[in-house]
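Engineer: A single structure is presented below for examination.
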Amino acid sequence: MTAVLHVDVDEFVAAVEVLRRPELKGKPVVVGGRGDPSKRGVISTANYEARRYGLHSGMPLRTALRKCPGAVFLPVDREAYEHASRDVMEVLRAITDALEVWGWDEAFVETNDQPEVVARAIQSAVSNKTGLSCSVGIGDNKLQAKIASGFAKPAGIYRLTAREWPEVMGGRRTEELWGIGRKSARKLSELGIDKVSELAAADEERLSLSFGPRTGPWLVALGRGVDHSRVSSVPRRARSRSLELTFDEDVEDPHVISAEVTRMTSRLAEHSMSSDRPVSSVTVKIRFAPFVTRTRIRRLPEPSIEVEAILEAAIVALGRFELDRPVRLVGVKVDFG
DNA sequence: TCTGGGGTCCTAGGACCC
DNA sequence: TCTGGGGTCCTAGGACCC
Ligand SMILES: [Mg+2]
């Protein structure tokens, strides 16, 4: 019988930082933004010590400082996490080829062996070779395994298969499902659906009327713990690449905005050229001071890796904004054709 | 106490064509 | 001249995840 495992490194980003700064062990550590809680930014990861103060991912750094003045604040260092991620995945790949990497610190594994045995082997290999601890969820499919790893934290193993699903999940709120967030949970609640068991018994047609033709059936499947997607070890090609920047202070000068769009687009075009991924469209994103976000997309006449054509599209897209209000964020995204 | 950055997928409306 | 249906492309926005 095939089982799916979901491996998730515990407090990954914070753990990587503590590994290279052992003196931080046992202290509340917050990684986010540029590591300066007097500036704009949110928490990427808080370690377990910091979470005891109510700190969590997505919380503004300013708030975190107020709630936990003794915390150590560190800037995000993506290269370090990408490096650590490669180390972890290498350890996993030495154990199994049936591995689907999911972000920096997560992976799905398919196995025909005893899943608990494989899980323990993974945990000790990752710990011995990288010094990081991880949790492992076991399921019949990716959805079950992913939710199970949440229950396994920290450093544990948890089994959630079709057999356990109704008992373990039935009475929980729909928001605990992977793919249902605050907005969808609220919308479901307005339809009288609060618990996973109620979602499992819901009428697809009725949900489709509210959520759309594909999302309706998918939601009911979620409620039942059904997921037919396979574990795929084929690396996926990115469909888009983007850059965005929140200014330290709101910007009123349109020249500053257009200079930033040009800079970002040039970098993205360089990547398009060097990786030979033609760009099919460019999206410019502006977030105005009251946190209202607008996008303008411009399709290229034909997909291109040429900086001139990509820049041209970005300038056209930007030109469709009225930049007569303070701006807090600017971003550029390219879609590959 | 104002709310990051990098991604994926879905929905919906209008244009346009058959 | 009006009605109607379906398919695809383009654009804008939304929700979610790490
Ligand atoms: Mg993790």
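Ligands are numbered from 1 in the order shown, residues from 1 within each chain, and chains are lettered A, B, ... in the order they appear in the structure tokens.
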Can you tell me which residues come within 8 Å of ligand 1 when counting only C-alpha atoms (C1' of nucleotides) and all ligand atoms, ideally as a count of residues only?
Structural biologist: 8
Engineer: Give me, as JSON lines, each residue of chain A that comes within 10 Å of chain C, together with its shortest interatomic pair and the distance in Å at one decimal, counting only C-alpha atoms (C1' of nucleotides), with rows ordered by chain and rising residue number.
Structural biologist:
{"residue": "A:Ser44", "atom": "CA", "partner": "C:DC18", "partner_atom": "C1'", "distance": 9.1}
{"residue": "A:Ser57", "atom": "CA", "partner": "C:DC18", "partner_atom": "C1'", "distance": 9.9}
{"residue": "A:Trp102", "atom": "CA", "partner": "C:DC18", "partner_atom": "C1'", "distance": 8.9}
{"residue": "A:Gly103", "atom": "CA", "partner": "C:DC18", "partner_atom": "C1'", "distance": 6.7}
{"residue": "A:Trp104", "atom": "CA", "partner": "C:DC18", "partner_atom": "C1'", "distance": 8.2}
{"residue": "A:Asp105", "atom": "CA", "partner": "C:DC18", "partner_atom": "C1'", "distance": 8.9}
{"residue": "A:Glu106", "atom": "CA", "partner": "C:DC18", "partner_atom": "C1'", "distance": 9.2}
{"residue": "A:Trp178", "atom": "CA", "partner": "C:DC17", "partner_atom": "C1'", "distance": 8.6}
{"residue": "A:Gly179", "atom": "CA", "partner": "C:DC16", "partner_atom": "C1'", "distance": 6.0}
{"residue": "A:Ile180", "atom": "CA", "partner": "C:DC16", "partner_atom": "C1'", "distance": 7.2}
{"residue": "A:Gly181", "atom": "CA", "partner": "C:DC16", "partner_atom": "C1'", "distance": 6.5}
{"residue": "A:Arg182", "atom": "CA", "partner": "C:DA15", "partner_atom": "C1'", "distance": 9.2}
{"residue": "A:Lys183", "atom": "CA", "partner": "C:DA15", "partner_atom": "C1'", "distance": 7.5}
{"residue": "A:Ser184", "atom": "CA", "partner": "C:DA15", "partner_atom": "C1'", "distance": 7.9}
{"residue": "A:Thr293", "atom": "CA", "partner": "C:DG13", "partner_atom": "C1'", "distance": 9.5}
{"residue": "A:Arg294", "atom": "CA", "partner": "C:DA12", "partner_atom": "C1'", "distance": 8.3}
{"residue": "A:Thr295", "atom": "CA", "partner": "C:DA12", "partner_atom": "C1'", "distance": 7.0}
{"residue": "A:Arg296", "atom": "CA", "partner": "C:DA12", "partner_atom": "C1'", "distance": 7.5}
{"residue": "A:Ile297", "atom": "CA", "partner": "C:DT11", "partner_atom": "C1'", "distance": 6.8}
{"residue": "A:Arg298", "atom": "CA", "partner": "C:DT11", "partner_atom": "C1'", "distance": 8.5}
{"residue": "A:Arg299", "atom": "CA", "partner": "C:DC10", "partner_atom": "C1'", "distance": 8.2}
Engineer: Using DSSP on the backbone coordinates, identify all residues within region 77-225 of chain A classified as alpha helix (DSSP H); present the result as a VMD selection string.
Structural biologist: chain A and resid 78 to 95 115 to 130 142 to 152 165 to 169 182 to 190 196 to 200 204 to 211 215 to 224
Engineer: To test your reading of the structure, identify every residue in region 137-226 of chain A that backbone DSSP assigns to strand (DSSP E or B), and report it as a PyMOL selection string.
Structural biologist: chain A and resi 137-139+157-159+173+195
Engineer: Got a sec: who's within 12 Å of Arg93 (chain A), counting only C-alpha atoms (C1' of nucleotides), leaving out chain neighbours fewer than 4 positions off, as JSON, numbers by chain?
Structural biologist: {"A": [86, 87, 88, 89, 97, 98, 99, 100, 101, 107, 108, 109, 110, 122, 125, 126, 233]}
Engineer: Next, dump the selected residues to file, keeping only N, CA and C atoms, as a short mmCIF file (atom, residue, chain, number, x, y, z; two decimals), in the first residue's frame.
Structural biologist:
data_model
loop_
_atom_site.label_atom_id
_atom_site.label_comp_id
_atom_site.auth_asym_id
_atom_site.auth_seq_id
_atom_site.Cartn_x
_atom_site.Cartn_y
_atom_site.Cartn_z
N ARG A 86 18.74 23.40 -0.04
CA ARG A 86 19.40 22.41 -0.90
C ARG A 86 20.00 21.28 -0.06
N ASP A 87 20.58 21.64 1.09
CA ASP A 87 21.15 20.62 1.98
C ASP A 87 20.08 19.64 2.43
N VAL A 88 18.93 20.17 2.85
CA VAL A 88 17.85 19.31 3.35
C VAL A 88 17.35 18.39 2.24
N MET A 89 17.12 18.96 1.06
CA MET A 89 16.56 18.16 -0.03
C MET A 89 17.54 17.08 -0.50
N ASP A 97 13.88 8.67 -4.19
CA ASP A 97 13.77 9.46 -5.42
C ASP A 97 12.38 10.03 -5.58
N ALA A 98 11.41 9.38 -4.96
CA ALA A 98 10.02 9.80 -5.11
C ALA A 98 9.74 11.00 -4.23
N LEU A 99 10.31 12.13 -4.63
CA LEU A 99 10.34 13.31 -3.78
C LEU A 99 9.84 14.52 -4.54
N GLU A 100 8.87 15.20 -3.99
CA GLU A 100 8.37 16.44 -4.60
C GLU A 100 8.68 17.60 -3.66
N VAL A 101 9.59 18.46 -4.09
CA VAL A 101 9.99 19.60 -3.26
C VAL A 101 8.88 20.65 -3.27
N ALA A 107 8.52 18.92 1.67
CA ALA A 107 8.59 17.97 0.57
C ALA A 107 7.58 16.86 0.79
N PHE A 108 7.04 16.36 -0.33
CA PHE A 108 6.19 15.17 -0.28
C PHE A 108 7.02 13.97 -0.73
N VAL A 109 6.79 12.85 -0.06
CA VAL A 109 7.52 11.62 -0.37
C VAL A 109 6.49 10.51 -0.53
N GLU A 110 6.70 9.68 -1.55
CA GLU A 110 5.81 8.54 -1.73
C GLU A 110 6.60 7.29 -1.35
N ILE A 122 13.96 9.62 7.96
CA ILE A 122 14.10 10.98 7.44
C ILE A 122 14.46 11.94 8.57
N ALA A 125 18.08 11.42 9.70
CA ALA A 125 19.06 11.83 8.68
C ALA A 125 19.14 13.35 8.58
N VAL A 126 17.98 14.01 8.56
CA VAL A 126 17.97 15.47 8.46
C VAL A 126 18.64 16.08 9.69
N SER A 233 8.09 14.01 -8.95
CA SER A 233 9.49 14.38 -8.73
C SER A 233 10.05 15.20 -9.88
#
Engineer: To one decimal place in Å, what is the distance between CA of Ala64 (chain A) and CA of Asn47 (chain A)?
Structural biologist: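 That distance, rounded to one decimal, is 12.4 Å.
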Engineer: Leaving out Val279 (chain A) and any residue of its chain fewer than 4 positions from it, which residues lie within 7 Å of it when counting only C-alpha atoms (C1' of nucleotides), given as a PyMOL selection string?
Structural biologist: chain A and resi 272+303-305+334-337
Engineer: Go ahead and save the residues from that selection, with C-alpha atoms, as an mmCIF file, in the first residue's frame.
Structural biologist:
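result_30.cif written:
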data_model
loop_
_atom_site.group_PDB
_atom_site.id
_atom_site.type_symbol
_atom_site.label_atom_id
_atom_site.label_comp_id
_atom_site.auth_asym_id
_atom_site.auth_seq_id
_atom_site.Cartn_x
_atom_site.Cartn_y
_atom_site.Cartn_z
ATOM 1 C CA SER A 272 14.490 36.015 -19.007
ATOM 2 C CA PRO A 303 6.831 36.337 -26.361
ATOM 3 C CA SER A 304 10.306 37.845 -26.140
ATOM 4 C CA ILE A 305 13.567 37.682 -24.188
ATOM 5 C CA VAL A 334 6.691 38.795 -15.872
ATOM 6 C CA ASP A 335 4.754 35.785 -17.114
ATOM 7 C CA PHE A 336 6.606 33.294 -19.266
ATOM 8 C CA GLY A 337 5.039 32.286 -22.558
#
Engineer: Grab the CA of Glu90 (chain A) to CA of Gln114 (chain A) distance for me, in Å with one decimal place.
Structural biologist: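 Interatomic distance here is 21.6 Å.
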Engineer: Just how far from CA of Thr262 (chain A) is CA of Ile310 (chain A), in Å to one decimal?
Structural biologist: 10.1 Å
